[in-house]
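Undergrad: Here it is: the structure, laid out below.
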2 protein chains.
Amino acid sequence: MAKQLDNQYRGMIVINALMRGGVVPEEVRKELSEKWMEVGYITCYDCLEGRSSLCKKPPIRTFLDGLAEYFGGYTSEHTFGCRGAQFAVMFLVRELVDRNGGHCDTIVIDPNCHYTTRITAEMCRLKTVEPENSGYPEFKLSAESFEEKILEVKKETGKLPGLVFVTHVDPYQGNVAPVKEVGEICEKHEVPYCVNGAYTCGVLPIDMSEVRCDFLTMSGHKSMASLGPVGFVVSNEKWHREIFTTPKSEKIARNKIPNIFGCSVGGLPVISSMLSFPHVKERVAGWDAELEKIRGFISAMEKLPTVKQIGEKPHRHHLLQFETPIFYETSKTQRKKGFFLAQGMVKRGIVGLHRGLTKKLKMSVYGLSEAEIRQVLDGFREMVALKEEG
Amino acid sequence: MAKQLDNQYRGMIVINALMRGGVVPEEVRKELSEKWMEVGYITCYDCLEGRSSLCKKPPIRTFLDGLAEYFGGYTSEHTFGCRGAQFAVMFLVRELVDRNGGHCDTIVIDPNCHYTTRITAEMCRLKTVEPENSGYPEFKLSAESFEEKILEVKKETGKLPGLVFVTHVDPYQGNVAPVKEVGEICEKHEVPYCVNGAYTCGVLPIDMSEVRCDFLTMSGHKSMASLGPVGFVVSNEKWHREIFTTPKSEKIARNKIPNIFGCSVGGLPVISSMLSFPHVKERVAGWDAELEKIRGFISAMEKLPTVKQIGEKPHRHHLLQFETPIFYETSKTQRKKGFFLAQGMVKRGIVGLHRGLTKKLKMSVYGLSEAEIRQVLDGFREMVALKEEG
């Protein structure tokens with residue numbers, strides 16, 4: 001075994017914005033360690049139908065049905081991370097476009113999307129157009145701008161866009177997009193609509209029927225207290241047969257689904273999602289109180305000199321971006337330059353800031369206790385008070 | 001936490017043919033449990049370049065370089081299972097074909113391939129042609145039949161096939177394909193060549209430069225003592241820039257690789273591969289002794305009435321298929337019908353037979369101790385001796 005391999009951050013307070021929703025509860029880790037790690041294919045002992053999502057033992061199918069219901073959808077499949085979920089949707093869109101229906105190979109995506117949205121579009125040979133956000137400092141989206149883009153595409157190509165894709169909460173500022181309003185627009189124009197809940201599903205309430213989206217994609221390791229990589233794609237009733245369609249070749253068993261690589265294997269990450277799901281539902285139900293705590297943290301941070309939260313205000317998500325000119329100024333006086341900040345926080349038992357960055361920082365205190373949040377604040381305060389190094 | 005979720009097979013002897021190479025060593029499980037399960041994105045604390053395969057801490061890049069070198073290749077990336085590795089290769093082939101070079105969108109694949117090979121070809125809009133195997137009872141492949149197919153495609157389309165794809169050892173009979181001979185043919189005709197080592201890499205020696213393949217794909221959870229899902233694609237020097245190319249869109253960071261979804265996340269499965277790699281190299285070095293043990297097991301099984309090993313003889317891999325008419329006959333007399341066999345073995349502490357099947361069985365004793373193999377044999381003997389149920 002590779003003895004030199006070590007995780008030096010064990011036991012620290014994690015404030016990485018992409019990690020906080022993926023913290024695996026201790027009792028889940030214990031169960032996983034004791035029962036589910038003997039073989040790589042741990043989900044497959046009783047696979048009778050050739051697809052892990054159909055397994056009754058462990059009850060993956062029941063879990064996926066429950067997950068779809070919880071999010072107001074019809075059915076779901078687990079995928080290779082949220083990128084795999086987005087791929088399943090866009091791969092379907094490509095197929096629909098190739099069948100030469102009323103939609104073209106241009107899709108409308110939000111400008112605040114994760115890079116995987118753009119890369120998946122590229123992989124599926126879909127062109128993208130994007131409305132603009134409101135720019136600095138809020139970077140907000142308007143639902144109307146999506147309607148304008150739909151009409152623009154229609155005018156230019158004679159066809160409707162193949163898809164409208166909106167990131168429910170974006171990974172840069174943590175803004176909540178007007179997903180419901182965009183849903184109404186998509187319904188009016190009859191354009192398939194996907195919401196990416198990678199940063200929200202498992203964190204705050206969202207319901208597909210309310211949002212009126214056809215597809216909802218999500219990430220287990222980002223926001224569902226799961227080991228990576230695992231994601232989920234939920235479909236509404238209208239599209240489930242199309243997105244979870246059978247292979248073309250007669251030589252491939254009918255239970256396999258091309259859009260998710262036949263079978264997404266499952267393994268330990270899916271088991272971790274199953275074990276964490278009750279915990280996830282509980283924390284979603286307590287989101288309002290959590291948001292209060294987060295807003296309190298923002299206020300406290302903004303009391304530090306020059307520190308300013310970027311993105312919509314009042315903030316409605318746990319992913320936070322701060323402008324921190326003070327740390328940039330300090331970095332000039334430090335031997336470690338820009339690295340002083342992340343390293344200084346690590347010394348204080350706090351991990352997750354992007355190493356080297358000081359002008360802005362992205363972080364989260366989601367799910368931390370009041371005492372832990374105080375420790376994080378004290379850490380930042382101490383970094384502000386740092387003196388010039390000799 | 002979902003209390004009803006349990007793995008009742010914990011501690012049993014696993015004889016599932018796809019699982020034996022993916023048994024995670026106890027000391028690796030211990031390390032993973034203690035140090036690497038706090039968050040889903042466990043590989044990403046020190047990600048500076050936006051792709052997990054570039055991480056220096058944990059040293060994923062060093063590991064991937066070492067892995068490529070070990071398999072006689074130039075560089076490698078981890079992927080979402082071996083299906084993700086195959087996708088990276090075929091996605092490149094599609095791209096090459098679209099660029100309108102000397103190759104067409106038909107690829108030659110072996111008829112003994114895993115379904116993921118066919119489904120990936122479908123996903124990449126590649127047509128497939130297949131030489132025939134020798135049929136029952138050996139199902140062997142000849143290198144010449146691949147040359148014939150190459151020439152056939154050339155004749156029909158005016159162009160060479162986009163790829164030749166051979167499964168090193170197949171998942172049905174466990175036959176070793178003539179990968180080196182096919183490699184020489186591909187070299188002669190200048191056709192890109194991929195070998196799928198999902199059942200061999202991590203089990204028996206294979207070297208890309210010897211086999212003369214351009215790409216080697218492999219599965220962590222199948223044959224590298226890893227938690228799933230994780231796979232690897234190794235490229236030779238000729239192709240590495242093409243297969244691990246940058247995104248087309250300027251809006252996506254240059255470090256992202258579209259063929260592997262930008263970044264394959266990593267997470268616990270990759271860490272498990274890193275921790276298991278020294279163990280894996282050690283067992284590959286001891287393959288000859290292991291094979292002797294396997295052949296001894298085959299002989300013992302064939303002493304049971306009517307039982308016959310299918311596939312090439314002498315056998316050269318741990319994946320075994322047996323014809324077992326005796327168990328089919330017995331099943332007719334049992335209350336549980338075809339399920340008596342797998343369930344009877346589970347009662348004897350042995351898990352991994354496909355539930356319900358009795359006419360044939362697929363299994364492996366790879367890596368089991370002599371005592372465990374005796375227990376497996378005794379189990380089968382007891383099942384043979386079963387009396388008619390009342």
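Within each chain, counting starts at residue 1; across the structure tokens, chains are named A, B, ... in the order shown, with ligands numbered 1 upward in that order.
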I want to know what sits within 10 Å of stretch 167-169 of chain A, based on only C-alpha atoms, with residues of the same chain fewer than 5 positions away left out; could you give that as a ChimeraX atom specification?

TA: /A:109-114,117,174-180,194-201,206,216-217,316-319

Undergrad: Include N, CA and C atoms and write out the residues we just selected as a tab-separated table (two decimals), in the first residue's frame.

TA:
```tsv
chain	number	residue	atom	x	y	z
A	109	ILE	N	-28.53	28.47	-22.59
A	109	ILE	CA	-28.02	28.15	-21.25
A	109	ILE	C	-27.80	29.44	-20.47
A	110	ASP	N	-27.79	29.34	-19.18
A	110	ASP	CA	-27.58	30.55	-18.37
A	110	ASP	C	-26.09	30.87	-18.31
A	111	PRO	N	-25.74	32.15	-18.30
A	111	PRO	CA	-24.32	32.53	-18.33
A	111	PRO	C	-23.59	32.20	-17.04
A	112	ASN	N	-24.34	31.89	-15.99
A	112	ASN	CA	-23.71	31.56	-14.71
A	112	ASN	C	-23.50	30.06	-14.53
A	113	CYS	N	-23.67	29.29	-15.63
A	113	CYS	CA	-23.60	27.83	-15.50
A	113	CYS	C	-22.19	27.35	-15.19
A	114	HIS	N	-22.11	26.14	-14.66
A	114	HIS	CA	-20.85	25.45	-14.42
A	114	HIS	C	-20.23	25.10	-15.77
A	117	THR	N	-21.62	22.27	-18.05
A	117	THR	CA	-22.77	22.49	-18.92
A	117	THR	C	-22.29	22.82	-20.34
A	174	GLY	N	-23.47	32.11	-6.08
A	174	GLY	CA	-24.52	31.51	-5.26
A	174	GLY	C	-25.86	32.20	-5.42
A	175	ASN	N	-26.12	32.75	-6.59
A	175	ASN	CA	-27.42	33.39	-6.85
A	175	ASN	C	-28.49	32.34	-7.16
A	176	VAL	N	-29.70	32.60	-6.71
A	176	VAL	CA	-30.82	31.75	-7.08
A	176	VAL	C	-31.43	32.28	-8.38
A	177	ALA	N	-31.46	31.45	-9.40
A	177	ALA	CA	-32.00	31.86	-10.69
A	177	ALA	C	-33.53	31.80	-10.66
A	178	PRO	N	-34.19	32.59	-11.52
A	178	PRO	CA	-35.66	32.60	-11.55
A	178	PRO	C	-36.18	31.37	-12.29
A	179	VAL	N	-35.95	30.19	-11.70
A	179	VAL	CA	-36.24	28.94	-12.42
A	179	VAL	C	-37.73	28.74	-12.68
A	180	LYS	N	-38.57	29.21	-11.78
A	180	LYS	CA	-40.00	29.02	-11.97
A	180	LYS	C	-40.51	29.89	-13.12
A	194	CYS	N	-34.45	22.11	-18.64
A	194	CYS	CA	-33.68	21.40	-17.63
A	194	CYS	C	-33.17	22.37	-16.58
A	195	VAL	N	-33.35	22.02	-15.33
A	195	VAL	CA	-32.77	22.80	-14.24
A	195	VAL	C	-31.64	21.99	-13.61
A	196	ASN	N	-30.50	22.63	-13.45
A	196	ASN	CA	-29.37	21.98	-12.79
A	196	ASN	C	-29.36	22.35	-11.31
A	197	GLY	N	-29.67	21.35	-10.51
A	197	GLY	CA	-29.73	21.59	-9.07
A	197	GLY	C	-28.50	21.08	-8.34
A	198	ALA	N	-27.35	21.11	-9.03
A	198	ALA	CA	-26.12	20.57	-8.43
A	198	ALA	C	-25.81	21.22	-7.08
A	199	TYR	N	-26.19	22.50	-6.92
A	199	TYR	CA	-25.86	23.22	-5.69
A	199	TYR	C	-27.06	23.38	-4.77
A	200	THR	N	-28.19	22.83	-5.19
A	200	THR	CA	-29.40	23.04	-4.37
A	200	THR	C	-30.11	21.75	-3.97
A	201	CYS	N	-30.18	20.79	-4.87
A	201	CYS	CA	-30.91	19.55	-4.54
A	201	CYS	C	-30.17	18.85	-3.40
A	206	ILE	N	-36.80	22.17	-3.60
A	206	ILE	CA	-37.12	22.43	-5.01
A	206	ILE	C	-38.04	21.32	-5.49
A	216	LEU	N	-34.35	17.47	-14.00
A	216	LEU	CA	-33.62	18.07	-12.89
A	216	LEU	C	-32.36	17.24	-12.69
A	217	THR	N	-31.20	17.92	-12.72
A	217	THR	CA	-29.93	17.20	-12.54
A	217	THR	C	-29.34	17.60	-11.19
A	316	ARG	N	-29.45	34.11	-0.86
A	316	ARG	CA	-30.42	33.03	-0.64
A	316	ARG	C	-29.80	31.65	-0.77
A	317	HIS	N	-28.48	31.57	-0.63
A	317	HIS	CA	-27.82	30.26	-0.75
A	317	HIS	C	-26.57	30.23	0.12
A	318	HIS	N	-26.02	29.04	0.32
A	318	HIS	CA	-24.86	28.94	1.23
A	318	HIS	C	-23.53	29.20	0.52
A	319	LEU	N	-23.53	29.17	-0.81
A	319	LEU	CA	-22.29	29.43	-1.53
A	319	LEU	C	-22.03	30.94	-1.55
```

Undergrad: Just the residues within 12 Å of B:Ile294, please, counting only C-alpha atoms, with nothing from its chain fewer than 6 positions along; format it as a list of chain:residue names.

TA: B:Trp287, B:Asp288, B:Ala300, B:Met301, B:Gln309, B:Pro314, B:His315, B:Arg316, B:His317, B:His318, B:Leu319, B:Leu320, B:Met363, B:Ser364, B:Val365, B:Tyr366, B:Gly367, B:Leu368, B:Ser369, B:Glu370, B:Ile373, B:Arg374

Undergrad: Please produce an output containing N, CA, C and O atoms for each residue in the selection, written as a CSV table (one decimal), in the first residue's frame.

TA:
```
chain,number,residue,atom,x,y,z
B,287,TRP,N,1.3,-13.8,-11.1
B,287,TRP,CA,0.2,-14.4,-11.9
B,287,TRP,C,0.4,-15.8,-12.3
B,287,TRP,O,-0.6,-16.6,-12.3
B,288,ASP,N,1.6,-16.3,-12.6
B,288,ASP,CA,1.8,-17.6,-13.0
B,288,ASP,C,1.4,-18.6,-12.0
B,288,ASP,O,0.7,-19.6,-12.3
B,300,ALA,N,-10.6,-29.8,-10.8
B,300,ALA,CA,-11.4,-30.4,-9.8
B,300,ALA,C,-12.9,-30.2,-10.1
B,300,ALA,O,-13.7,-31.1,-9.9
B,301,MET,N,-13.3,-29.1,-10.7
B,301,MET,CA,-14.7,-28.8,-11.0
B,301,MET,C,-15.1,-29.8,-12.1
B,301,MET,O,-16.2,-30.4,-12.1
B,309,GLN,N,-15.7,-27.0,-18.5
B,309,GLN,CA,-15.3,-25.6,-18.6
B,309,GLN,C,-15.5,-25.3,-20.1
B,309,GLN,O,-15.0,-26.0,-21.0
B,314,PRO,N,-5.7,-25.0,-22.8
B,314,PRO,CA,-5.8,-24.7,-21.4
B,314,PRO,C,-6.2,-23.3,-21.2
B,314,PRO,O,-5.9,-22.4,-22.0
B,315,HIS,N,-6.9,-23.1,-20.0
B,315,HIS,CA,-7.4,-21.7,-19.8
B,315,HIS,C,-6.3,-20.8,-19.3
B,315,HIS,O,-5.4,-21.2,-18.6
B,316,ARG,N,-6.4,-19.5,-19.7
B,316,ARG,CA,-5.4,-18.6,-19.3
B,316,ARG,C,-5.9,-17.4,-18.6
B,316,ARG,O,-5.2,-16.3,-18.6
B,317,HIS,N,-7.0,-17.5,-17.9
B,317,HIS,CA,-7.5,-16.4,-17.1
B,317,HIS,C,-8.4,-16.9,-16.0
B,317,HIS,O,-8.7,-18.1,-15.9
B,318,HIS,N,-8.7,-16.0,-15.1
B,318,HIS,CA,-9.4,-16.4,-13.9
B,318,HIS,C,-10.9,-16.4,-14.1
B,318,HIS,O,-11.6,-17.0,-13.3
B,319,LEU,N,-11.4,-15.8,-15.1
B,319,LEU,CA,-12.8,-15.8,-15.3
B,319,LEU,C,-13.2,-17.1,-16.0
B,319,LEU,O,-12.7,-17.5,-17.1
B,320,LEU,N,-14.1,-17.8,-15.3
B,320,LEU,CA,-14.4,-19.2,-15.7
B,320,LEU,C,-15.9,-19.3,-16.1
B,320,LEU,O,-16.7,-18.8,-15.3
B,363,MET,N,-17.8,-17.7,-12.9
B,363,MET,CA,-17.3,-17.5,-11.6
B,363,MET,C,-15.8,-17.4,-11.6
B,363,MET,O,-15.2,-17.4,-12.7
B,364,SER,N,-15.2,-17.1,-10.5
B,364,SER,CA,-13.8,-17.0,-10.3
B,364,SER,C,-13.3,-17.3,-8.9
B,364,SER,O,-14.0,-17.1,-8.0
B,365,VAL,N,-12.1,-17.9,-8.9
B,365,VAL,CA,-11.5,-18.1,-7.5
B,365,VAL,C,-10.2,-17.3,-7.4
B,365,VAL,O,-9.4,-17.6,-6.5
B,366,TYR,N,-10.1,-16.3,-8.3
B,366,TYR,CA,-8.9,-15.5,-8.3
B,366,TYR,C,-8.6,-14.9,-6.9
B,366,TYR,O,-9.5,-14.3,-6.3
B,367,GLY,N,-7.4,-15.1,-6.4
B,367,GLY,CA,-6.9,-14.5,-5.2
B,367,GLY,C,-7.4,-15.2,-3.9
B,367,GLY,O,-7.1,-14.8,-2.8
B,368,LEU,N,-8.2,-16.3,-4.1
B,368,LEU,CA,-8.6,-17.0,-2.9
B,368,LEU,C,-7.5,-17.9,-2.4
B,368,LEU,O,-6.7,-18.3,-3.2
B,369,SER,N,-7.5,-18.2,-1.1
B,369,SER,CA,-6.5,-19.1,-0.6
B,369,SER,C,-6.9,-20.5,-0.9
B,369,SER,O,-8.1,-20.8,-1.3
B,370,GLU,N,-6.0,-21.4,-0.7
B,370,GLU,CA,-6.2,-22.8,-1.0
B,370,GLU,C,-7.4,-23.3,-0.1
B,370,GLU,O,-8.3,-24.0,-0.6
B,373,ILE,N,-10.6,-22.0,-1.6
B,373,ILE,CA,-11.0,-22.7,-2.8
B,373,ILE,C,-11.6,-24.1,-2.5
B,373,ILE,O,-12.5,-24.6,-3.1
B,374,ARG,N,-11.0,-24.8,-1.4
B,374,ARG,CA,-11.5,-26.0,-1.0
B,374,ARG,C,-13.0,-25.9,-0.5
B,374,ARG,O,-13.9,-26.7,-0.8
```

Undergrad: Quick one: residues within 7 Å of A:Thr79, only C-alpha atoms counted, chain neighbours fewer than 4 positions away excluded, as a ChimeraX atom specification?

TA: /A:84-85,230-232,260,264

Undergrad: Can you list every residue in stretch 127-343 of chain B that DSSP puts in alpha helix (DSSP H), as a PyMOL selection string?

TA: chain B and resi 143-157+179-189+208-211+220-223+240-243+268-285+287-302+325-331+339-343

Undergrad: Which parts of stretch 35-258 of chain B does DSSP call strand (DSSP E or B) when run on the backbone here, written out as a ChimeraX atom specification?

TA: /B:39,75-79,103-109,127-129,160-167,169,176,193-196,215-219,231-235,257

Undergrad: Compare B:Phe244, B:Tyr172, B:Phe91, B:Tyr41 by their minimum atom-to-atom distance to B:Lys360, counting only C-alpha atoms, and give me the closest one.

TA: B:Tyr172

Undergrad: Can you tell me, as a list of chain:residue names, what residues are no more than 8 Å from stretch 375-383 of chain B when counting only C-alpha atoms, ignoring any on the same chain fewer than 5 positions away?

TA: B:Phe297, B:Ala300, B:Met301, B:Leu304, B:Phe327, B:Leu341, B:Gly344, B:Met345, B:Arg348, B:Ile350

Undergrad: Would you mind exporting the chosen residues as an mmCIF file, in the first residue's frame, restricted to N, CA and C atoms?

TA:
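Writing the result to result.cif gives the following:
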```
data_model
loop_
_atom_site.group_PDB
_atom_site.id
_atom_site.type_symbol
_atom_site.label_atom_id
_atom_site.label_comp_id
_atom_site.auth_asym_id
_atom_site.auth_seq_id
_atom_site.Cartn_x
_atom_site.Cartn_y
_atom_site.Cartn_z
ATOM 1 N N PHE B 297 -8.253 -25.728 -9.979
ATOM 2 C CA PHE B 297 -9.681 -25.612 -9.645
ATOM 3 C C PHE B 297 -10.549 -26.120 -10.806
ATOM 4 N N ALA B 300 -10.589 -29.843 -10.844
ATOM 5 C CA ALA B 300 -11.426 -30.374 -9.761
ATOM 6 C C ALA B 300 -12.908 -30.222 -10.098
ATOM 7 N N MET B 301 -13.277 -29.071 -10.679
ATOM 8 C CA MET B 301 -14.681 -28.849 -11.047
ATOM 9 C C MET B 301 -15.122 -29.846 -12.115
ATOM 10 N N LEU B 304 -16.638 -33.117 -11.275
ATOM 11 C CA LEU B 304 -18.059 -33.223 -10.917
ATOM 12 C C LEU B 304 -18.823 -33.717 -12.142
ATOM 13 N N PHE B 327 -26.728 -29.275 -12.439
ATOM 14 C CA PHE B 327 -27.465 -28.345 -11.574
ATOM 15 C C PHE B 327 -28.832 -28.006 -12.184
ATOM 16 N N LEU B 341 -29.324 -23.047 -6.385
ATOM 17 C CA LEU B 341 -27.864 -23.131 -6.462
ATOM 18 C C LEU B 341 -27.193 -21.918 -5.794
ATOM 19 N N GLY B 344 -28.097 -21.866 -2.169
ATOM 20 C CA GLY B 344 -27.420 -22.930 -1.423
ATOM 21 C C GLY B 344 -25.967 -22.574 -1.145
ATOM 22 N N MET B 345 -25.336 -21.970 -2.126
ATOM 23 C CA MET B 345 -23.944 -21.555 -1.936
ATOM 24 C C MET B 345 -23.862 -20.426 -0.894
ATOM 25 N N ARG B 348 -23.757 -21.577 2.392
ATOM 26 C CA ARG B 348 -22.431 -22.119 2.707
ATOM 27 C C ARG B 348 -21.363 -21.020 2.756
ATOM 28 N N ILE B 350 -20.780 -18.585 0.534
ATOM 29 C CA ILE B 350 -20.151 -18.285 -0.760
ATOM 30 C C ILE B 350 -21.128 -17.499 -1.628
#
```

Undergrad: Rounded to one decimal in Å, what is the spacing between atom CA of B:Cys44 and atom CA of A:Asn7?

TA: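 Taking atom CA of B:Cys44 and atom CA of A:Asn7, their separation equals 11.0 Å.
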
Undergrad: Can you pull out the residues contacting B:Glu323? Cut-off 10 Å, using only C-alpha atoms, and skip same-chain residues under 2 positions away; I want them as a VMD selection string.

TA: chain B and resid 137 302 306 to 310 321 325 to 328 358 to 362

Undergrad: Looking at A:Gly202, A:Gly296, A:Gly262, A:Pro131, which one is nearest to A:Thr245, with distances taken over only C-alpha atoms?

TA: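 Among A:Gly202, A:Gly296, A:Gly262, A:Pro131, it is A:Gly262 that comes nearest to A:Thr245.
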
Undergrad: Compile the contact shell of A:Asn16 as a CSV table (one decimal) with C-alpha atoms, in the first residue's frame: residues with an atom at most 7 Å away, counting only C-alpha atoms, same-chain residues fewer than 2 positions apart removed.

TA:
```csv
chain,number,residue,atom,x,y,z
A,14,VAL,CA,-14.2,22.4,5.8
A,18,LEU,CA,-18.4,22.8,-3.2
A,19,MET,CA,-17.7,20.5,-0.4
A,20,ARG,CA,-20.0,21.5,2.4
A,352,GLY,CA,-11.1,24.8,1.8
A,353,LEU,CA,-10.0,28.2,0.5
A,363,MET,CA,-16.6,29.6,0.7
A,364,SER,CA,-19.5,28.2,2.7
```
